[in-house]
>>> print(open('my_file.tsv').read())   # TSV, C-alpha atoms and all ligand atoms
chain	number	residue	atom	x	y	z
A	1	MET	CA	-41.71	41.07	-39.38
A	2	VAL	CA	-41.96	42.29	-35.77
A	3	THR	CA	-45.15	44.26	-36.58
A	4	GLU	CA	-46.60	41.14	-38.19
A	5	ILE	CA	-45.85	39.10	-35.06
A	6	LYS	CA	-47.41	41.79	-32.87
A	7	LYS	CA	-50.68	41.44	-34.78
A	8	LEU	CA	-50.94	37.68	-34.10
A	9	LYS	CA	-53.59	36.42	-31.72
A	10	ASN	CA	-52.28	34.66	-28.60
A	11	GLU	CA	-53.16	31.18	-29.78
A	12	GLU	CA	-51.64	31.83	-33.22
A	13	LEU	CA	-48.44	33.13	-31.66
A	14	LEU	CA	-48.07	30.04	-29.46
A	15	GLN	CA	-48.77	27.64	-32.32
A	16	ARG	CA	-46.44	29.36	-34.73
A	17	THR	CA	-43.63	29.30	-32.19
A	18	LYS	CA	-44.07	25.54	-31.77
A	19	PHE	CA	-44.05	25.11	-35.54
A	20	LEU	CA	-40.82	27.12	-35.81
A	21	VAL	CA	-39.14	25.07	-33.07
A	22	VAL	CA	-39.91	21.86	-35.00
A	23	LYS	CA	-38.49	23.52	-38.12
A	24	GLU	CA	-35.41	24.62	-36.18
A	25	ARG	CA	-34.74	21.01	-35.09
A	26	LYS	CA	-35.00	19.82	-38.68
A	27	ILE	CA	-32.59	22.50	-39.84
A	28	THR	CA	-30.19	21.62	-37.02
A	29	LEU	CA	-30.20	18.00	-38.18
A	30	GLN	CA	-29.66	19.07	-41.77
A	31	ILE	CA	-26.68	21.16	-40.66
A	32	LEU	CA	-25.24	18.14	-38.80
A	33	HIS	CA	-25.57	16.02	-41.95
A	34	HIS	CA	-23.94	18.71	-44.05
A	35	LEU	CA	-21.06	18.97	-41.57
A	36	GLN	CA	-20.70	15.19	-41.68
A	37	GLU	CA	-20.39	15.27	-45.47
A	38	ILE	CA	-17.98	18.22	-45.38
A	39	SER	CA	-15.87	16.16	-42.99
A	40	ARG	CA	-16.07	13.02	-45.17
A	41	ARG	CA	-15.02	14.96	-48.28
A	42	ARG	CA	-12.37	16.85	-46.28
A	43	LEU	CA	-13.75	20.06	-47.74
A	44	PHE	CA	-12.72	22.06	-44.69
A	45	ALA	CA	-9.13	21.13	-45.57
A	46	GLU	CA	-9.63	22.05	-49.22
A	47	ARG	CA	-10.90	25.46	-48.09
A	48	GLY	CA	-7.65	25.98	-46.19
A	49	TYR	CA	-8.65	25.01	-42.63
A	50	SER	CA	-6.65	22.50	-40.61
A	51	SER	CA	-9.76	21.17	-38.80
A	52	LEU	CA	-13.54	21.03	-39.07
A	53	PHE	CA	-13.70	22.97	-35.78
A	54	LYS	CA	-11.70	25.84	-37.30
A	55	TYR	CA	-13.97	25.80	-40.33
A	56	ALA	CA	-17.10	25.86	-38.13
A	57	THR	CA	-15.90	28.78	-35.99
A	58	GLN	CA	-14.00	30.89	-38.53
A	59	GLU	CA	-15.98	30.25	-41.72
A	60	LEU	CA	-19.46	29.51	-40.37
A	61	GLY	CA	-19.22	31.94	-37.46
A	62	TYR	CA	-20.23	29.57	-34.66
A	63	SER	CA	-18.93	30.30	-31.17
A	64	ASP	CA	-16.45	27.74	-29.83
A	65	ALA	CA	-19.15	26.21	-27.60
A	66	SER	CA	-21.76	26.04	-30.39
A	67	ALA	CA	-19.25	24.48	-32.78
A	68	ILE	CA	-18.18	21.88	-30.20
A	69	ARG	CA	-21.85	21.00	-29.48
A	70	ARG	CA	-22.52	20.45	-33.19
A	71	LEU	CA	-19.36	18.45	-33.81
A	72	GLN	CA	-19.98	16.25	-30.78
A	73	ALA	CA	-23.61	15.64	-31.79
A	74	MET	CA	-22.39	14.91	-35.33
A	75	GLU	CA	-19.97	12.28	-34.02
A	76	LEU	CA	-22.64	10.54	-31.97
A	77	LEU	CA	-25.06	10.64	-34.90
A	78	THR	CA	-22.44	8.94	-37.07
A	79	GLU	CA	-22.05	6.17	-34.52
A	80	LEU	CA	-25.73	5.83	-33.56
A	81	PRO	CA	-27.93	7.01	-36.46
A	82	GLU	CA	-31.10	6.27	-34.43
A	83	VAL	CA	-30.34	9.37	-32.34
A	84	GLU	CA	-31.55	11.43	-35.30
A	85	ASP	CA	-35.21	10.48	-34.73
A	86	LYS	CA	-34.89	11.35	-31.06
A	87	ILE	CA	-33.60	14.82	-31.93
A	88	LYS	CA	-36.30	15.23	-34.60
A	89	GLU	CA	-39.14	14.45	-32.20
A	90	GLY	CA	-37.62	16.67	-29.51
A	91	ALA	CA	-36.86	13.83	-27.09
A	92	LEU	CA	-33.15	14.70	-27.08
A	93	SER	CA	-31.88	18.25	-27.48
A	94	LEU	CA	-28.65	19.07	-29.27
A	95	SER	CA	-26.97	20.07	-26.02
A	96	VAL	CA	-28.02	16.86	-24.23
A	97	VAL	CA	-26.71	14.76	-27.14
A	98	ALA	CA	-23.44	16.71	-27.03
A	99	GLN	CA	-23.25	16.27	-23.22
A	100	ALA	CA	-23.73	12.52	-23.63
A	101	GLN	CA	-21.06	12.29	-26.31
A	102	ARG	CA	-18.64	14.25	-24.12
A	103	THR	CA	-19.28	11.82	-21.24
A	104	PHE	CA	-18.76	8.84	-23.56
A	105	GLN	CA	-15.48	10.33	-24.77
A	106	ILE	CA	-14.25	11.07	-21.23
A	107	GLU	CA	-15.09	7.52	-20.10
A	108	ALA	CA	-13.37	6.02	-23.15
A	109	LYS	CA	-10.21	7.91	-22.16
A	110	LEU	CA	-10.47	7.25	-18.41
A	111	SER	CA	-11.54	3.68	-18.12
A	112	GLN	CA	-13.60	1.50	-20.39
A	113	ALA	CA	-15.54	2.78	-23.36
A	114	PHE	CA	-19.29	2.15	-23.28
A	115	ASP	CA	-20.49	-0.27	-25.94
A	116	PRO	CA	-23.26	0.85	-28.35
A	117	ASP	CA	-26.01	-0.86	-26.32
A	118	GLU	CA	-24.89	0.82	-23.11
A	119	LYS	CA	-24.84	4.15	-24.92
A	120	LYS	CA	-28.35	3.58	-26.24
A	121	ASN	CA	-29.61	2.78	-22.74
A	122	ILE	CA	-27.99	5.89	-21.29
A	123	LEU	CA	-29.44	8.03	-24.10
A	124	GLN	CA	-32.87	6.59	-23.42
A	125	SER	CA	-32.58	7.66	-19.80
A	126	LEU	CA	-31.83	11.22	-20.98
A	127	GLU	CA	-34.95	11.63	-23.11
A	128	TYR	CA	-37.08	14.73	-22.40
A	129	LYS	CA	-34.61	15.85	-19.76
A	130	SER	CA	-33.21	19.36	-19.37
A	131	SER	CA	-29.44	19.89	-19.59
A	132	LYS	CA	-29.22	20.04	-15.81
A	133	ALA	CA	-31.23	16.83	-15.30
A	134	ALA	CA	-29.24	15.10	-18.06
A	135	GLU	CA	-26.05	16.11	-16.29
A	136	ARG	CA	-27.28	14.54	-13.05
A	137	GLU	CA	-28.11	11.34	-14.94
A	138	LEU	CA	-24.74	11.23	-16.75
A	139	ILE	CA	-22.86	11.62	-13.47
A	140	GLN	CA	-24.37	8.29	-12.37
A	141	HIS	CA	-22.56	6.63	-15.29
A	142	SER	CA	-19.26	8.46	-14.89
A	143	SER	CA	-16.17	7.21	-13.11
A	144	GLN	CA	-15.01	10.84	-12.66
A	145	PRO	CA	-18.15	12.97	-12.07
A	146	ALA	CA	-16.02	16.06	-11.44
A	147	LEU	CA	-15.02	16.10	-15.11
A	148	ILE	CA	-18.67	16.09	-16.18
A	149	LEU	CA	-19.68	18.76	-13.68
A	150	LYS	CA	-16.84	21.12	-14.46
A	151	PRO	CA	-15.84	20.90	-18.10
A	152	ASP	CA	-12.74	22.78	-19.24
A	153	LEU	CA	-13.46	26.45	-19.70
A	154	ILE	CA	-11.63	29.45	-21.16
A	155	LYS	CA	-13.61	32.57	-20.32
A	156	PRO	CA	-12.45	36.03	-21.39
A	157	VAL	CA	-12.13	38.32	-18.34
A	158	THR	CA	-10.76	41.43	-20.08
A	159	SER	CA	-9.74	42.08	-23.68
A	160	THR	CA	-6.29	40.65	-22.94
A	161	HIS	CA	-6.89	38.08	-20.18
A	162	SER	CA	-8.99	34.95	-19.78
A	163	GLU	CA	-9.91	32.69	-16.93
A	164	ILE	CA	-8.93	29.06	-17.48
A	165	ARG	CA	-10.76	26.38	-15.55
A	166	PHE	CA	-10.20	22.67	-15.47
A	167	VAL	CA	-10.49	19.89	-12.93
A	168	ALA	CA	-7.16	18.52	-11.71
A	169	ASP	CA	-6.65	15.26	-9.87
A	170	GLN	CA	-4.35	14.83	-6.88
A	171	VAL	CA	-1.55	13.40	-9.05
A	172	LEU	CA	-1.42	16.60	-11.09
A	173	LEU	CA	-1.58	18.79	-7.97
A	174	ASP	CA	1.35	16.86	-6.47
A	175	GLN	CA	3.31	17.21	-9.72
A	176	LEU	CA	2.66	20.97	-9.82
A	177	GLU	CA	3.99	21.29	-6.27
A	178	LEU	CA	7.11	19.34	-7.24
A	179	ILE	CA	7.71	21.59	-10.25
A	180	ARG	CA	7.13	24.67	-8.11
A	181	GLY	CA	9.87	23.32	-5.86
A	182	PHE	CA	12.26	22.69	-8.75
A	183	LEU	CA	11.75	26.22	-10.04
A	184	GLY	CA	11.85	27.70	-6.55
A	185	ASN	CA	15.54	28.60	-6.53
A	186	LYS	CA	15.27	30.85	-9.53
A	187	ASN	CA	11.67	31.97	-9.00
A	188	PRO	CA	10.54	31.92	-5.38
A	189	ASN	CA	6.83	32.11	-4.50
A	190	LEU	CA	5.43	31.41	-7.95
A	191	SER	CA	1.69	31.96	-8.25
A	192	LEU	CA	-0.27	29.28	-10.11
A	193	SER	CA	-0.45	31.37	-13.28
A	194	GLU	CA	3.29	32.19	-13.06
A	195	LEU	CA	4.03	28.50	-12.54
A	196	ILE	CA	2.03	27.52	-15.64
A	197	THR	CA	3.55	30.37	-17.66
A	198	GLU	CA	7.03	29.10	-16.76
A	199	MET	CA	6.01	25.50	-17.59
A	200	ALA	CA	4.66	26.69	-20.96
A	201	ARG	CA	7.95	28.48	-21.70
A	202	ILE	CA	10.02	25.38	-20.86
A	203	SER	CA	7.72	23.10	-22.90
A	204	LEU	CA	7.81	25.40	-25.91
A	205	GLU	CA	11.59	25.56	-25.79
A	206	LYS	CA	11.66	21.77	-25.82
A	207	LEU	CA	8.79	20.98	-28.18
A	208	ARG	CA	8.63	23.76	-30.77
A	209	PRO	CA	9.86	22.31	-34.07
A	210	LYS	CA	13.18	23.92	-34.82
A	211	ALA	CA	14.52	24.83	-38.20
A	212	PRO	CA	16.96	22.09	-39.16
A	213	LYS	CA	20.47	23.23	-38.34
A	214	GLU	CA	23.32	23.60	-40.80
A	215	LEU	CA	24.77	20.47	-42.36
A	216	VAL	CA	26.71	18.14	-40.10
A	217	LYS	CA	29.74	18.83	-42.29
A	218	GLN	CA	29.61	22.52	-41.46
A	219	ASN	CA	29.16	21.95	-37.74
A	220	SER	CA	31.05	19.70	-35.46
A	221	ASP	CA	29.16	20.05	-32.20
A	222	ASP	CA	27.02	17.25	-30.77
A	223	GLY	CA	23.85	19.27	-31.02
A	224	VAL	CA	23.81	18.88	-34.79
A	225	GLU	CA	23.80	15.13	-34.50
A	226	LYS	CA	20.69	15.49	-32.37
A	227	SER	CA	19.00	17.80	-34.85
A	228	VAL	CA	19.69	15.35	-37.67
A	229	LYS	CA	18.04	12.64	-35.59
A	230	ALA	CA	15.07	14.94	-34.97
A	231	VAL	CA	14.74	15.66	-38.67
A	232	ASN	CA	15.01	11.97	-39.51
A	233	SER	CA	12.24	11.22	-37.07
A	234	MET	CA	10.15	13.95	-38.70
A	235	GLN	CA	10.76	12.27	-42.04
A	236	ALA	CA	9.72	8.98	-40.53
A	237	ALA	CA	6.56	10.60	-39.21
A	238	GLN	CA	5.90	12.06	-42.65
A	239	ALA	CA	6.29	8.67	-44.26
A	240	THR	CA	3.93	7.10	-41.74
A	241	THR	CA	1.26	9.71	-42.28
A	242	LYS	CA	1.34	9.49	-46.03
A	243	VAL	CA	1.97	5.80	-46.38
A	244	PRO	CA	2.87	3.19	-43.80
A	245	GLN	CA	5.79	1.06	-44.88
A	246	LYS	CA	3.64	-2.06	-44.73
A	247	THR	CA	1.23	-0.95	-47.46
A	248	SER	CA	3.79	-1.49	-50.15
A	249	GLN	CA	1.40	-0.64	-53.00
A	250	VAL	CA	0.81	2.84	-51.72
A	251	SER	CA	4.31	3.18	-50.45
A	252	GLN	CA	5.75	2.65	-53.90
A	253	ALA	CA	3.70	5.52	-55.26
A	254	PHE	CA	5.72	7.84	-53.05
A	255	HIS	CA	8.98	6.01	-53.19
A	256	LEU	CA	10.02	5.07	-56.68
A	257	PRO	CA	12.87	2.62	-57.10
A	258	LEU	CA	16.16	4.44	-57.60
A	259	ASN	CA	16.41	3.62	-61.29
A	260	LYS	CA	13.01	5.23	-61.99
A	261	GLN	CA	13.88	8.51	-60.34
A	262	VAL	CA	14.92	11.68	-62.10
A	263	PRO	CA	18.64	11.79	-62.72
A	264	ILE	CA	20.28	14.56	-60.73
A	265	SER	CA	21.27	16.31	-63.96
A	266	LYS	CA	17.59	16.75	-64.90
A	267	GLN	CA	16.59	18.17	-61.56
A	268	ALA	CA	16.84	21.82	-60.61
A	269	PRO	CA	20.50	22.83	-60.54
A	270	LEU	CA	22.21	21.98	-57.28
A	271	SER	CA	23.86	24.78	-55.44
A	272	LYS	CA	27.60	24.82	-55.30
A	273	GLN	CA	27.64	24.47	-51.54
A	274	GLN	CA	25.92	21.10	-51.65
A	275	SER	CA	28.07	18.25	-50.48
A	276	ASN	CA	28.41	14.80	-51.99
A	277	SER	CA	26.25	13.35	-49.26
A	278	GLU	CA	23.48	15.74	-50.25
A	279	GLN	CA	23.68	14.69	-53.87
A	280	ALA	CA	23.39	11.11	-52.80
A	281	SER	CA	20.38	11.84	-50.60
A	282	SER	CA	18.60	13.86	-53.31
A	283	ARG	CA	18.17	10.60	-55.22
A	284	SER	CA	16.07	9.22	-52.39
A	285	ARG	CA	12.78	10.60	-51.10
A	286	PHE	CA	14.56	12.07	-48.10
A	287	ILE	CA	14.95	15.79	-48.32
A	288	PRO	CA	18.45	17.18	-47.74
A	289	ILE	CA	18.74	18.96	-44.42
A	290	GLU	CA	20.01	22.14	-46.07
A	291	VAL	CA	16.85	22.24	-48.20
A	292	LYS	CA	14.70	21.69	-45.11
A	293	ARG	CA	16.47	24.49	-43.26
A	294	LYS	CA	15.82	26.96	-46.08
A	295	VAL	CA	12.21	25.78	-46.52
A	296	TYR	CA	11.55	26.06	-42.80
A	297	GLN	CA	12.91	29.60	-42.68
A	298	ARG	CA	11.05	30.69	-45.83
A	299	ASP	CA	7.72	29.21	-44.65
A	300	GLU	CA	8.27	30.24	-41.00
A	301	GLY	CA	7.33	26.71	-39.93
A	302	LYS	CA	3.71	27.23	-41.04
A	303	CYS	CA	1.51	25.21	-43.40
A	304	GLN	CA	1.61	26.76	-46.88
A	305	TYR	CA	-1.50	25.08	-48.30
A	306	VAL	CA	-3.57	27.62	-50.24
A	307	ASP	CA	-7.21	27.03	-51.11
A	308	PRO	CA	-7.32	27.35	-54.91
A	309	VAL	CA	-10.87	28.78	-54.69
A	310	THR	CA	-10.62	31.42	-51.96
A	311	GLY	CA	-6.85	31.88	-51.75
A	312	ARG	CA	-6.97	31.21	-48.00
A	313	LYS	CA	-3.63	30.01	-46.65
A	314	CYS	CA	-3.78	27.49	-43.78
A	315	LEU	CA	-0.71	28.68	-41.77
A	316	SER	CA	-1.31	25.99	-39.13
A	317	THR	CA	1.70	24.94	-37.07
A	318	HIS	CA	0.05	21.67	-36.03
A	319	ALA	CA	2.06	18.50	-36.79
A	320	ILE	CA	4.00	20.12	-39.63
A	321	GLN	CA	5.74	18.08	-42.31
A	322	TYR	CA	7.81	18.68	-45.42
A	323	GLY	CA	5.72	18.09	-48.56
A	324	HIS	CA	6.56	18.00	-52.25
A	325	ILE	CA	4.68	20.52	-54.43
A	326	ILE	CA	5.17	18.32	-57.51
A	327	PRO	CA	4.82	14.88	-55.89
A	328	PHE	CA	7.97	12.84	-55.47
A	329	ALA	CA	6.45	9.94	-57.43
A	330	MET	CA	5.83	12.34	-60.32
A	331	ASN	CA	9.52	13.15	-60.37
A	332	GLY	CA	9.14	16.22	-58.17
A	333	PRO	CA	12.66	17.08	-57.02
A	334	ASN	CA	13.85	17.57	-53.43
A	335	THR	CA	14.62	21.24	-54.02
A	336	VAL	CA	13.78	24.33	-51.97
A	337	GLU	CA	11.43	25.42	-54.79
A	338	ASN	CA	9.55	22.11	-54.73
A	339	ILE	CA	9.36	21.53	-50.97
A	340	ARG	CA	7.11	23.37	-48.56
A	341	ILE	CA	5.77	23.09	-45.03
A	342	GLU	CA	2.38	21.38	-44.73
A	343	CYS	CA	0.27	20.50	-41.69
A	344	ARG	CA	-0.75	16.86	-41.25
A	345	VAL	CA	-4.28	17.47	-42.54
A	346	HIS	CA	-3.11	19.16	-45.75
A	347	ASN	CA	-0.27	16.72	-46.34
A	348	ARG	CA	-2.84	13.94	-46.27
A	349	LEU	CA	-5.39	15.87	-48.36
A	350	LEU	CA	-2.81	16.36	-51.11
A	351	ALA	CA	-1.88	12.67	-51.01
A	352	ILE	CA	-5.56	11.77	-51.40
A	353	GLN	CA	-5.96	14.20	-54.30
A	354	THR	CA	-2.83	12.91	-56.02
A	355	TYR	CA	-3.47	9.19	-55.50
A	356	PRO	CA	-7.24	8.90	-54.94
A	357	LYS	CA	-7.52	5.15	-55.46
A	358	LYS	CA	-4.49	4.11	-53.50
A	359	MET	CA	-5.23	6.46	-50.62
A	360	ALA	CA	-8.91	5.42	-50.58
A	361	ALA	CA	-7.83	1.80	-50.19
A	362	TYR	CA	-5.29	2.76	-47.55
A	363	LEU	CA	-7.69	4.96	-45.57
A	364	LYS	CA	-10.67	2.67	-46.26
A	365	LEU	CA	-12.63	5.65	-47.63
A	366	GLU	CA	-16.07	5.05	-49.07
B	1	ZN	ZN	-2.58	23.09	-43.32
>>> encode(input="my_file.tsv", output="structure tokens")
Amino acid sequence: MVTEIKKLKNEELLQRTKFLVVKERKITLQILHHLQEISRRRLFAERGYSSLFKYATQELGYSDASAIRRLQAMELLTELPEVEDKIKEGALSLSVVAQAQRTFQIEAKLSQAFDPDEKKNILQSLEYKSSKAAERELIQHSSQPALILKPDLIKPVTSTHSEIRFVADQVLLDQLELIRGFLGNKNPNLSLSELITEMARISLEKLRPKAPKELVKQNSDDGVEKSVKAVNSMQAAQATTKVPQKTSQVSQAFHLPLNKQVPISKQAPLSKQQSNSEQASSRSRFIPIEVKRKVYQRDEGKCQYVDPVTGRKCLSTHAIQYGHIIPFAMNGPNTVENIRIECRVHNRLLAIQTYPKKMAAYLKLE
């Protein structure tokens, strides 16, 4: 290959390079369309990934930055299909399209989202511009130029340490100083990284989903009451993700009337320790707390979805829920054997696979 290239005449070499660049753009667009379709079919989830980004980096081997550029361009292409021609003819590069989409997303969060016409006008002003020139142009349209100029960055410094960069506003700086003061008694003179490490520890202690505690019956302290409330709110979240209460049609698929449910005697044998209240709750879709505790410990709080094709297990800890292996509406019991931890993406994927029509109507899928 290299020898062949070395034999090319100058003019041939220049022309062939141009030809390859045009081809590269076409392939890039094809990849964006394929990613779009993978996203629409939720194939990344089927293959055991909890997000398209994870699929793009871990399965396709893109760097974080390359994956983000492609996903951002893909999003903008979905919203404004005319951008495709601009990429094809080389008027807009992938990185400029991604930069524009990032600006649009930041503005939508900060103040008012641009409408499609405004976006088209801005994109027009970016045509045939380098990344640097496009950045200068985008700053003109931004209410917080600092966020455009200095995007968040995690850069490895050594094999164990990375540099984290982000732009903070005065409100955050003031809050950090306040927290430094609050922590000052125990930890005087905290450096910025020590301060954030301590904040991360406190947040994790507070936010990390805990294994449901023992049954209220077996504990009398107030903490248990709290944990029951937490679990109930998790159940509520689970119900909302699968089926909002308002969409009664779909809701019924997951929540059969009591008289249609499996009698306790036909379910997996109940353990002797189970209380009367547990027996009562096993007739509803709510999973007994003792079952949840055992499931959480067994699954270590990680999503247990396994791709049937590759055997890849998701293991995500993001927005975890308790899911039925044999669906509740198909008489799947609320037993340790039939309940497992699932992330939000896989909980929803399984609902779509089990009830394609109802979920399609609910999610307004094509
Ligand atoms: Zn998952």
>>> closest_residue(input="my_file.tsv", among="A:Val309, A:Val83, A:Ala45, A:Ile352", to="ligand ZN 1 (chain B)", atoms="all atoms listed in the file")
A:Ala45
>>> residues_near_ligand(input="my_file.tsv", ligand="ligand ZN 1 (chain B)", cutoff="10 Å", atoms="only C-alpha atoms and all ligand atoms", output="VMD selection string")
chain A and resid 45 to 51 302 to 307 313 to 321 341 to 349
>>> residues_near_point(input="my_file.tsv", point="(-26.8, 10.3, -38.7)", cutoff="12 Å", atoms="only C-alpha atoms", output="ChimeraX atom specification")
/A:28-37,73-88
>>> atom_distance(input="my_file.tsv", atom1="atom CA of A:Ala100", atom2="atom CA of A:Val157")
28.8 Å
>>> atom_distance(input="my_file.tsv", atom1="atom CA of A:Gln112", atom2="atom CA of A:Ser130")
26.5 Å
>>> residues_near_point(input="my_file.tsv", point="(8.4, 25.2, -16.5)", cutoff="12 Å", atoms="all atoms listed in the file", output="number ranges by chain")
A: 175-184, 186-187, 190, 192-206
>>> atom_distance(input="my_file.tsv", atom1="atom CA of A:Glu59", atom2="atom CA of A:Thr310")
11.6 Å
>>> closest_residue(input="my_file.tsv", among="A:Leu14, A:Val167, A:Ala361, A:Leu20", to="A:Leu149", atoms="only C-alpha atoms")
A:Val167
>>> closest_residue(input="my_file.tsv", among="A:Gln144, A:Ser93, A:Ile139, A:Lys23", to="A:Ser111", atoms="only C-alpha atoms")
A:Gln144
>>> closest_residue(input="my_file.tsv", among="A:Ile5, A:Ile106, A:Val97, A:Val22", to="A:Arg70", atoms="all atoms listed in the file")
A:Val97
>>> decode(input="my_file.tsv", residues="stretch 117-132 of chain A", atoms="N, CA and C atoms", output="mmCIF file, in the first residue's frame")
data_model
loop_
_atom_site.group_PDB
_atom_site.id
_atom_site.type_symbol
_atom_site.label_atom_id
_atom_site.label_comp_id
_atom_site.auth_asym_id
_atom_site.auth_seq_id
_atom_site.Cartn_x
_atom_site.Cartn_y
_atom_site.Cartn_z
ATOM 1 N N ASP A 117 -35.201 27.517 13.347
ATOM 2 C CA ASP A 117 -34.746 28.531 12.381
ATOM 3 C C ASP A 117 -33.482 29.236 12.863
ATOM 4 N N GLU A 118 -33.458 29.538 14.158
ATOM 5 C CA GLU A 118 -32.258 30.172 14.719
ATOM 6 C C GLU A 118 -31.055 29.236 14.571
ATOM 7 N N LYS A 119 -31.300 27.953 14.832
ATOM 8 C CA LYS A 119 -30.202 26.978 14.705
ATOM 9 C C LYS A 119 -29.701 26.931 13.267
ATOM 10 N N LYS A 120 -30.638 26.937 12.324
ATOM 11 C CA LYS A 120 -30.241 26.882 10.907
ATOM 12 C C LYS A 120 -29.396 28.095 10.542
ATOM 13 N N ASN A 121 -29.817 29.276 11.024
ATOM 14 C CA ASN A 121 -29.054 30.497 10.731
ATOM 15 C C ASN A 121 -27.645 30.424 11.315
ATOM 16 N N ILE A 122 -27.568 29.935 12.551
ATOM 17 C CA ILE A 122 -26.243 29.839 13.191
ATOM 18 C C ILE A 122 -25.374 28.856 12.400
ATOM 19 N N LEU A 123 -25.972 27.714 12.023
ATOM 20 C CA LEU A 123 -25.205 26.707 11.269
ATOM 21 C C LEU A 123 -24.705 27.281 9.936
ATOM 22 N N GLN A 124 -25.545 28.097 9.327
ATOM 23 C CA GLN A 124 -25.146 28.708 8.056
ATOM 24 C C GLN A 124 -23.908 29.594 8.245
ATOM 25 N N SER A 125 -23.894 30.283 9.398
ATOM 26 C CA SER A 125 -22.752 31.169 9.657
ATOM 27 C C SER A 125 -21.477 30.378 9.970
ATOM 28 N N LEU A 126 -21.618 29.072 10.188
ATOM 29 C CA LEU A 126 -20.439 28.252 10.526
ATOM 30 C C LEU A 126 -19.844 27.548 9.307
ATOM 31 N N GLU A 127 -20.541 27.647 8.178
ATOM 32 C CA GLU A 127 -20.104 26.908 6.995
ATOM 33 C C GLU A 127 -18.686 27.281 6.567
ATOM 34 N N TYR A 128 -17.932 26.276 6.176
ATOM 35 C CA TYR A 128 -16.535 26.409 5.708
ATOM 36 C C TYR A 128 -15.639 27.082 6.747
ATOM 37 N N LYS A 129 -16.007 26.967 7.999
ATOM 38 C CA LYS A 129 -15.151 27.564 9.042
ATOM 39 C C LYS A 129 -14.370 26.448 9.751
ATOM 40 N N SER A 130 -13.178 26.816 10.215
ATOM 41 C CA SER A 130 -12.388 25.871 11.014
ATOM 42 C C SER A 130 -13.036 25.767 12.397
ATOM 43 N N SER A 131 -12.595 24.788 13.186
ATOM 44 C CA SER A 131 -13.125 24.634 14.547
ATOM 45 C C SER A 131 -12.927 25.914 15.350
ATOM 46 N N LYS A 132 -11.751 26.498 15.212
ATOM 47 C CA LYS A 132 -11.431 27.701 15.996
ATOM 48 C C LYS A 132 -12.352 28.862 15.594
#
